[in-house]
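*Asks:* Got a structure for you, work_2.pdb, holding PDB, C-alpha atoms.
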ATOM      1  CA  ALA G   1      -7.797  -6.670 -26.079
ATOM      2  CA  GLN G   2      -8.376  -7.377 -22.416
ATOM      3  CA  SER G   3     -11.303  -6.762 -20.107
ATOM      4  CA  VAL G   4     -11.785  -7.052 -16.348
ATOM      5  CA  THR G   5     -14.970  -7.589 -14.389
ATOM      6  CA  GLN G   6     -15.204  -7.029 -10.669
ATOM      7  CA  LEU G   7     -18.340  -8.811  -9.682
ATOM      8  CA  ASP G   8     -19.191  -6.771  -6.591
ATOM      9  CA  SER G   9     -19.374  -2.996  -6.618
ATOM     10  CA  GLN G  10     -19.693  -2.801  -2.825
ATOM     11  CA  VAL G  11     -18.818  -5.228  -0.059
ATOM     12  CA  PRO G  12     -19.792  -4.455   3.540
ATOM     13  CA  VAL G  13     -17.938  -6.554   6.093
ATOM     14  CA  PHE G  14     -17.539  -6.558   9.858
ATOM     15  CA  GLU G  15     -14.181  -5.918  11.458
ATOM     16  CA  GLU G  16     -12.108  -9.097  11.961
ATOM     17  CA  ALA G  17     -14.252 -11.014   9.467
ATOM     18  CA  PRO G  18     -12.792 -12.420   6.239
ATOM     19  CA  VAL G  19     -13.384 -10.771   2.893
ATOM     20  CA  GLU G  20     -13.127 -11.928  -0.713
ATOM     21  CA  LEU G  21     -13.203  -9.591  -3.687
ATOM     22  CA  ARG G  22     -13.917 -11.265  -6.988
ATOM     23  CA  CYS G  23     -12.190 -10.475 -10.265
ATOM     24  CA  ASN G  24     -12.581 -12.144 -13.650
ATOM     25  CA  TYR G  25     -10.686 -11.202 -16.773
ATOM     26  CA  SER G  26     -10.639 -12.017 -20.447
ATOM     27  CA  SER G  27      -7.633 -11.881 -22.722
ATOM     28  CA  SER G  28      -6.373 -13.496 -25.894
ATOM     29  CA  VAL G  29      -2.767 -13.332 -24.676
ATOM     30  CA  SER G  30      -0.900 -14.208 -21.508
ATOM     31  CA  VAL G  31      -1.433 -11.636 -18.803
ATOM     32  CA  TYR G  32      -0.031 -10.024 -15.726
ATOM     33  CA  LEU G  33      -2.595  -9.434 -12.982
ATOM     34  CA  PHE G  34      -2.640  -6.791 -10.286
ATOM     35  CA  TRP G  35      -4.678  -5.626  -7.320
ATOM     36  CA  TYR G  36      -4.545  -2.003  -6.240
ATOM     37  CA  VAL G  37      -6.107  -0.177  -3.305
ATOM     38  CA  GLN G  38      -7.198   3.442  -3.363
ATOM     39  CA  TYR G  39      -7.896   5.444  -0.229
ATOM     40  CA  PRO G  40      -9.953   8.654  -0.496
ATOM     41  CA  ASN G  41      -8.191  11.438  -2.360
ATOM     42  CA  GLN G  42      -5.139   9.312  -3.015
ATOM     43  CA  GLY G  43      -3.535   7.454  -5.890
ATOM     44  CA  LEU G  44      -3.387   3.702  -6.378
ATOM     45  CA  GLN G  45      -1.227   1.545  -4.138
ATOM     46  CA  LEU G  46      -0.079  -1.829  -5.411
ATOM     47  CA  LEU G  47      -1.277  -4.639  -3.124
ATOM     48  CA  LEU G  48       0.052  -7.605  -5.064
ATOM     49  CA  LYS G  49       0.763  -8.907  -8.532
ATOM     50  CA  TYR G  50       0.862 -12.149 -10.477
ATOM     51  CA  LEU G  51       3.473 -12.362 -13.204
ATOM     52  CA  SER G  52       4.187 -16.098 -13.407
ATOM     53  CA  GLY G  53       4.942 -19.093 -11.212
ATOM     54  CA  SER G  54       2.997 -19.892  -8.061
ATOM     55  CA  THR G  55      -0.669 -19.180  -8.459
ATOM     56  CA  LEU G  56      -1.052 -18.071  -4.834
ATOM     57  CA  VAL G  57       0.309 -14.587  -4.438
ATOM     58  CA  LYS G  58       0.840 -12.847  -1.116
ATOM     59  CA  GLY G  59       0.822  -9.093  -0.877
ATOM     60  CA  ILE G  60       1.011  -6.309   1.626
ATOM     61  CA  ASN G  61      -1.272  -5.771   4.616
ATOM     62  CA  GLY G  62      -2.188  -9.461   4.848
ATOM     63  CA  PHE G  63      -3.858  -9.706   1.434
ATOM     64  CA  GLU G  64      -3.446 -12.642  -0.902
ATOM     65  CA  ALA G  65      -4.857 -13.617  -4.285
ATOM     66  CA  GLU G  66      -5.107 -16.778  -6.310
ATOM     67  CA  PHE G  67      -4.684 -16.924 -10.065
ATOM     68  CA  ASN G  68      -6.963 -19.474 -11.703
ATOM     69  CA  LYS G  69      -6.197 -19.714 -15.397
ATOM     70  CA  SER G  70      -9.020 -22.118 -16.245
ATOM     71  CA  GLN G  71     -11.603 -19.856 -14.651
ATOM     72  CA  THR G  72      -9.772 -16.664 -15.704
ATOM     73  CA  SER G  73     -10.089 -15.344 -12.183
ATOM     74  CA  PHE G  74      -7.852 -13.531  -9.722
ATOM     75  CA  HIS G  75      -9.813 -13.198  -6.485
ATOM     76  CA  LEU G  76      -8.432 -11.189  -3.578
ATOM     77  CA  ARG G  77      -8.798 -12.357   0.001
ATOM     78  CA  LYS G  78      -7.981 -11.250   3.513
ATOM     79  CA  PRO G  79      -8.695 -13.530   6.491
ATOM     80  CA  SER G  80      -9.390 -10.732   8.967
ATOM     81  CA  VAL G  81     -10.094  -7.132   8.005
ATOM     82  CA  HIS G  82      -9.491  -3.941   9.950
ATOM     83  CA  ILE G  83     -11.298  -0.637   9.895
ATOM     84  CA  SER G  84      -8.304   0.750   8.009
ATOM     85  CA  ASP G  85      -9.046  -1.604   5.090
ATOM     86  CA  THR G  86     -12.027   0.559   4.183
ATOM     87  CA  ALA G  87     -11.134   1.678   0.663
ATOM     88  CA  GLU G  88     -11.754   0.969  -3.005
ATOM     89  CA  TYR G  89     -10.005  -1.968  -4.587
ATOM     90  CA  PHE G  90      -9.188  -2.356  -8.253
ATOM     91  CA  CYS G  91      -8.242  -5.442 -10.212
ATOM     92  CA  ALA G  92      -6.156  -4.804 -13.335
ATOM     93  CA  VAL G  93      -4.634  -6.772 -16.183
ATOM     94  CA  SER G  94      -1.905  -6.088 -18.707
ATOM     95  CA  GLY G  95      -0.584  -8.139 -21.576
ATOM     96  CA  ALA G  96       2.553 -10.053 -20.653
ATOM     97  CA  GLY G  97       5.696  -9.626 -22.694
ATOM     98  CA  ALA G  98       6.180  -6.881 -25.219
ATOM     99  CA  ALA G  99       2.592  -5.635 -25.176
ATOM    100  CA  GLY G 100       3.605  -2.526 -23.319
ATOM    101  CA  ASN G 101       2.661  -1.018 -20.014
ATOM    102  CA  LYS G 102      -1.077  -0.633 -20.477
ATOM    103  CA  LEU G 103      -3.357  -1.594 -17.621
ATOM    104  CA  THR G 104      -7.019  -2.407 -18.075
ATOM    105  CA  PHE G 105      -8.972  -1.936 -14.860
ATOM    106  CA  GLY G 106     -12.142  -3.363 -13.458
ATOM    107  CA  GLY G 107     -14.841  -1.067 -12.165
ATOM    108  CA  GLY G 108     -13.647  -1.283  -8.582
ATOM    109  CA  THR G 109     -15.083  -2.728  -5.361
ATOM    110  CA  ARG G 110     -15.776  -0.488  -2.398
ATOM    111  CA  VAL G 111     -15.072  -2.238   0.876
ATOM    112  CA  LEU G 112     -16.734  -0.818   3.964
ATOM    113  CA  VAL G 113     -15.490  -2.333   7.202
ATOM    114  CA  LYS G 114     -17.970  -1.951  10.043
ATOM    115  CA  PRO G 115     -17.027  -2.082  13.726
TER     116      PRO G 115
ATOM    117  CA  LYS L 116      13.730   5.748  -3.666
ATOM    118  CA  ALA L 117      11.283   8.577  -3.980
ATOM    119  CA  GLY L 118       7.920   7.617  -5.407
ATOM    120  CA  VAL L 119       6.116   8.902  -8.458
ATOM    121  CA  THR L 120       5.417  12.603  -8.154
ATOM    122  CA  GLN L 121       2.724  14.542  -9.936
ATOM    123  CA  THR L 122       2.268  18.281 -10.103
ATOM    124  CA  PRO L 123       0.137  20.130  -9.488
ATOM    125  CA  ARG L 124      -2.044  18.122  -7.125
ATOM    126  CA  TYR L 125      -5.117  20.260  -7.705
ATOM    127  CA  LEU L 126      -6.131  22.433 -10.610
ATOM    128  CA  ILE L 127      -9.206  24.472 -11.459
ATOM    129  CA  LYS L 128      -9.740  25.623 -15.024
ATOM    130  CA  THR L 129     -12.614  26.962 -17.103
ATOM    131  CA  ARG L 130     -14.043  25.527 -20.285
ATOM    132  CA  GLY L 131     -11.990  26.265 -23.360
ATOM    133  CA  GLN L 132      -8.707  26.639 -21.515
ATOM    134  CA  GLN L 133      -5.812  24.252 -21.803
ATOM    135  CA  VAL L 134      -3.857  22.523 -19.062
ATOM    136  CA  THR L 135      -0.517  20.773 -18.649
ATOM    137  CA  LEU L 136       0.094  18.130 -16.008
ATOM    138  CA  SER L 137       3.501  16.797 -15.024
ATOM    139  CA  CYS L 138       4.709  13.399 -13.853
ATOM    140  CA  SER L 139       8.162  12.479 -12.560
ATOM    141  CA  PRO L 140       8.680   8.710 -12.457
ATOM    142  CA  ILE L 141      10.628   6.726  -9.927
ATOM    143  CA  SER L 142      14.355   7.068 -10.549
ATOM    144  CA  GLY L 143      15.435   4.505 -13.157
ATOM    145  CA  HIS L 144      11.932   3.957 -14.504
ATOM    146  CA  ARG L 145      11.687   4.700 -18.207
ATOM    147  CA  SER L 146       8.032   3.936 -18.904
ATOM    148  CA  VAL L 147       5.296   6.385 -17.940
ATOM    149  CA  SER L 148       1.582   5.813 -18.472
ATOM    150  CA  TRP L 149      -1.338   8.151 -17.911
ATOM    151  CA  TYR L 150      -4.862   7.295 -16.757
ATOM    152  CA  GLN L 151      -8.060   9.227 -16.292
ATOM    153  CA  GLN L 152     -10.335   8.345 -13.390
ATOM    154  CA  THR L 153     -13.945   9.523 -13.301
ATOM    155  CA  PRO L 154     -16.956   8.263 -11.314
ATOM    156  CA  GLY L 155     -18.808   7.392 -14.503
ATOM    157  CA  GLN L 156     -16.091   5.799 -16.651
ATOM    158  CA  GLY L 157     -13.735   4.499 -13.989
ATOM    159  CA  LEU L 158     -10.040   4.184 -14.748
ATOM    160  CA  GLN L 159      -9.197   4.577 -18.411
ATOM    161  CA  PHE L 160      -5.828   4.380 -20.124
ATOM    162  CA  LEU L 161      -4.740   7.521 -21.962
ATOM    163  CA  PHE L 162      -1.269   6.781 -23.315
ATOM    164  CA  GLU L 163       2.138   5.329 -22.512
ATOM    165  CA  TYR L 164       5.609   6.631 -23.205
ATOM    166  CA  PHE L 165       8.820   4.659 -23.143
ATOM    167  CA  SER L 166      12.191   6.182 -23.988
ATOM    168  CA  GLU L 167      10.496   9.357 -25.280
ATOM    169  CA  THR L 168       8.274   7.427 -27.716
ATOM    170  CA  GLN L 169       4.537   6.923 -27.437
ATOM    171  CA  ARG L 170       4.013   3.166 -27.417
ATOM    172  CA  ASN L 171       0.326   2.838 -26.688
ATOM    173  CA  LYS L 172      -2.646   5.148 -26.955
ATOM    174  CA  GLY L 173      -6.103   4.842 -25.504
ATOM    175  CA  ASN L 174      -9.390   5.900 -27.024
ATOM    176  CA  PHE L 175      -9.361   9.612 -26.264
ATOM    177  CA  PRO L 176      -9.779  12.572 -28.600
ATOM    178  CA  GLY L 177      -6.814  14.419 -30.024
ATOM    179  CA  ARG L 178      -7.268  17.168 -27.428
ATOM    180  CA  PHE L 179      -5.361  14.853 -25.105
ATOM    181  CA  SER L 180      -1.665  14.685 -25.859
ATOM    182  CA  GLY L 181       1.536  13.885 -24.071
ATOM    183  CA  ARG L 182       5.258  13.760 -24.305
ATOM    184  CA  GLN L 183       8.242  12.383 -22.474
ATOM    185  CA  PHE L 184      11.596  14.010 -21.939
ATOM    186  CA  SER L 185      15.061  12.476 -21.966
ATOM    187  CA  ASN L 186      15.040  12.286 -18.142
ATOM    188  CA  SER L 187      11.813  10.204 -18.369
ATOM    189  CA  ARG L 188       9.631  12.965 -16.919
ATOM    190  CA  SER L 189       6.351  13.171 -18.757
ATOM    191  CA  GLU L 190       3.721  15.814 -19.372
ATOM    192  CA  MET L 191       0.206  15.518 -20.609
ATOM    193  CA  ASN L 192      -1.738  18.342 -22.144
ATOM    194  CA  VAL L 193      -5.463  18.789 -22.570
ATOM    195  CA  SER L 194      -6.567  21.553 -24.901
ATOM    196  CA  THR L 195      -9.980  23.182 -25.197
ATOM    197  CA  LEU L 196     -11.149  21.834 -21.857
ATOM    198  CA  GLU L 197     -14.673  20.485 -21.495
ATOM    199  CA  LEU L 198     -16.686  19.941 -18.325
ATOM    200  CA  GLY L 199     -16.343  16.191 -18.850
ATOM    201  CA  ASP L 200     -12.565  16.447 -18.531
ATOM    202  CA  SER L 201     -12.963  16.944 -14.799
ATOM    203  CA  ALA L 202     -11.224  13.926 -13.343
ATOM    204  CA  LEU L 203      -8.348  12.558 -11.340
ATOM    205  CA  TYR L 204      -5.393  12.099 -13.683
ATOM    206  CA  LEU L 205      -2.966   9.425 -12.564
ATOM    207  CA  CYS L 206       0.409   8.530 -13.910
ATOM    208  CA  ALA L 207       2.241   5.264 -13.414
ATOM    209  CA  SER L 208       5.889   4.459 -13.909
ATOM    210  CA  THR L 209       7.615   1.137 -14.384
ATOM    211  CA  GLU L 210      11.216   0.038 -14.598
ATOM    212  CA  TYR L 211      10.619  -2.583 -17.248
ATOM    213  CA  PRO L 212       9.165  -1.986 -20.698
ATOM    214  CA  THR L 213       6.744  -4.867 -20.312
ATOM    215  CA  GLY L 214       4.648  -3.631 -17.418
ATOM    216  CA  GLN L 215       5.721  -5.771 -14.502
ATOM    217  CA  ASP L 216       5.785  -3.173 -11.753
ATOM    218  CA  PRO L 217       3.515  -0.197 -12.399
ATOM    219  CA  PHE L 218       3.608   2.251  -9.482
ATOM    220  CA  PHE L 219       1.199   5.145  -9.362
ATOM    221  CA  GLY L 220       1.548   8.726  -8.289
ATOM    222  CA  PRO L 221      -0.969  10.564  -6.084
ATOM    223  CA  GLY L 222      -2.745  12.083  -9.068
ATOM    224  CA  THR L 223      -3.779  15.536 -10.206
ATOM    225  CA  ARG L 224      -7.364  16.496  -9.498
ATOM    226  CA  LEU L 225      -8.596  18.647 -12.407
ATOM    227  CA  THR L 226     -11.849  20.545 -12.068
ATOM    228  CA  VAL L 227     -13.265  22.252 -15.146
ATOM    229  CA  LEU L 228     -15.848  24.966 -14.475
TER     230      LEU L 228
END
What is this structure when it is put down as structure tokens?

*Replies:*
Amino acid sequence: AQSVTQLDSQVPVFEEAPVELRCNYSSSVSVYLFWYVQYPNQGLQLLLKYLSGSTLVKGINGFEAEFNKSQTSFHLRKPSVHISDTAEYFCAVSGAGAAGNKLTFGGGTRVLVKP
Amino acid sequence: KAGVTQTPRYLIKTRGQQVTLSCSPISGHRSVSWYQQTPGQGLQFLFEYFSETQRNKGNFPGRFSGRQFSNSRSEMNVSTLELGDSALYLCASTEYPTGQDPFFGPGTRLTVL
């Protein structure tokens, strides 16, 4: 079984400032890791994913995340946020290999970008 | 490629009724998963279908069921609706059976009165 903890439920940040969203996971098997963004009244949009290889993953809209196996973390960062980044962000994990397509999500982090 | 489509987008039902939601995956994707999103419980996995077979099932009562057709389209059904079933129901499709690229649809907002 896997679990995901997003350490901050809300993160206020000023426009053009950097932001980091923290995600820790636990799993007894190798994992795939994902970050999704959800805008109001919409579905989930994939920002980036870690499957294997380089631990620094770059995604869309200037986001990046770093996989740290020893600390079981997958923190999301953006060096300079825009008003349009106001949304809810979800970290998710699935078992790698033949475990099937089942995502376990964290509780989400609401990012509010202030002008 | 067209994205994942879900119909209907909004639905209002009363307690005791049943409802069927539909999900059409991205062309070529054979795995479809369903999730329930509520303010209190967050995003929870319902079940996954791959090649018309249920591969995984979450911890939901038997009132929640699903199926997948030969064209990979999937439906989920909730019988005897309860107020607590009000939620956003999301489906995700992936090309691989091992969950490397799950893409989500816009969801179906179900309100139970």

*Asks:* Starting from the shown file, work through the PyMOL selection byres ((chain G) within 8 of (chain L)) and note down what comes out as a PyMOL selection string.

*Replies:* chain G and resi 32+42-46+51+94+96-108

*Asks:* Could you list the residues chosen by the PyMOL selection byres ((chain G and resi 5-20) around 9) in this structure as an MDAnalysis selection string?

*Replies:* chainID G and resid 3:4 21:26 75:83 88 90:91 105:115

*Asks:* Name the residues in contact with Ser185 of chain L at a cut-off of 12 Å, using all atoms listed in the file, excluding same-chain residues fewer than 4 positions from it; report them as JSON, numbers by chain.

*Replies:* {"L": [139, 143, 144, 145, 146, 164, 165, 166, 167, 168, 189]}

*Asks:* Could you put an axis-aligned box around every listed atom of segment 188-205 of chain L, padded by 4 Å on each side, and send me its centre and edge lengths in Å to one decimal, as lines of an AutoDock Vina configuration file?

*Replies:*
center_x = -3.5
center_y = 16.3
center_z = -18.3
size_x = 34.3
size_y = 21.8
size_z = 21.9

*Asks:* So how far away is atom CA of Ala1 of chain G from atom CA of Ser27 of chain G, in Å?

*Replies:*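 For atom CA of Ser27 of chain G relative to atom CA of Ala1 of chain G, the distance reads 6.2 Å.
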
*Asks:* Evaluate the PyMOL selection byres ((chain G and resi 62-68) around 9) on the structure here and hand back the selected residues as a PDB file with C-alpha atoms, in the coordinates of the input.

*Replies:*
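Saved result, out.pdb, follows:
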ATOM      1  CA  LEU G  33      -2.595  -9.434 -12.982  1.00  0.00           C
ATOM      2  CA  TRP G  35      -4.678  -5.626  -7.320  1.00  0.00           C
ATOM      3  CA  LEU G  47      -1.277  -4.639  -3.124  1.00  0.00           C
ATOM      4  CA  LEU G  48       0.052  -7.605  -5.064  1.00  0.00           C
ATOM      5  CA  LYS G  49       0.763  -8.907  -8.532  1.00  0.00           C
ATOM      6  CA  TYR G  50       0.862 -12.149 -10.477  1.00  0.00           C
ATOM      7  CA  SER G  54       2.997 -19.892  -8.061  1.00  0.00           C
ATOM      8  CA  THR G  55      -0.669 -19.180  -8.459  1.00  0.00           C
ATOM      9  CA  LEU G  56      -1.052 -18.071  -4.834  1.00  0.00           C
ATOM     10  CA  VAL G  57       0.309 -14.587  -4.438  1.00  0.00           C
ATOM     11  CA  LYS G  58       0.840 -12.847  -1.116  1.00  0.00           C
ATOM     12  CA  GLY G  59       0.822  -9.093  -0.877  1.00  0.00           C
ATOM     13  CA  ILE G  60       1.011  -6.309   1.626  1.00  0.00           C
ATOM     14  CA  ASN G  61      -1.272  -5.771   4.616  1.00  0.00           C
ATOM     15  CA  LYS G  69      -6.197 -19.714 -15.397  1.00  0.00           C
ATOM     16  CA  SER G  70      -9.020 -22.118 -16.245  1.00  0.00           C
ATOM     17  CA  GLN G  71     -11.603 -19.856 -14.651  1.00  0.00           C
ATOM     18  CA  THR G  72      -9.772 -16.664 -15.704  1.00  0.00           C
ATOM     19  CA  SER G  73     -10.089 -15.344 -12.183  1.00  0.00           C
ATOM     20  CA  PHE G  74      -7.852 -13.531  -9.722  1.00  0.00           C
ATOM     21  CA  HIS G  75      -9.813 -13.198  -6.485  1.00  0.00           C
ATOM     22  CA  LEU G  76      -8.432 -11.189  -3.578  1.00  0.00           C
ATOM     23  CA  ARG G  77      -8.798 -12.357   0.001  1.00  0.00           C
ATOM     24  CA  LYS G  78      -7.981 -11.250   3.513  1.00  0.00           C
ATOM     25  CA  PRO G  79      -8.695 -13.530   6.491  1.00  0.00           C
ATOM     26  CA  SER G  80      -9.390 -10.732   8.967  1.00  0.00           C
ATOM     27  CA  VAL G  81     -10.094  -7.132   8.005  1.00  0.00           C
TER      28      VAL G  81
END

*Asks:* Could you tell me how far atom CA of Glu210 of chain L sits from atom CA of Arg178 of chain L, in Å to one decimal place?

*Replies:* 28.3 Å

*Asks:* Using all atoms listed in the file for the distances, tell me which of L:Ser142, L:Pro123, L:Ser137, L:Gln151 is nearest to Asn174 of chain L.

*Replies:*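 Selected residue with least distance to Asn174 of chain L: L:Gln151.
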
*Asks:* Tell me which of L:Gly181, L:Pro176, L:Gly199, L:Gly118 sits closest to Thr135 of chain L, counting all atoms listed in the file.

*Replies:*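 Under the stated criterion, the closest residue is L:Gly181.
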
*Asks:* Mind pulling up the distance from atom CA of Gln152 of chain L to atom CA of Ser28 of chain G?

*Replies:* 25.5 Å
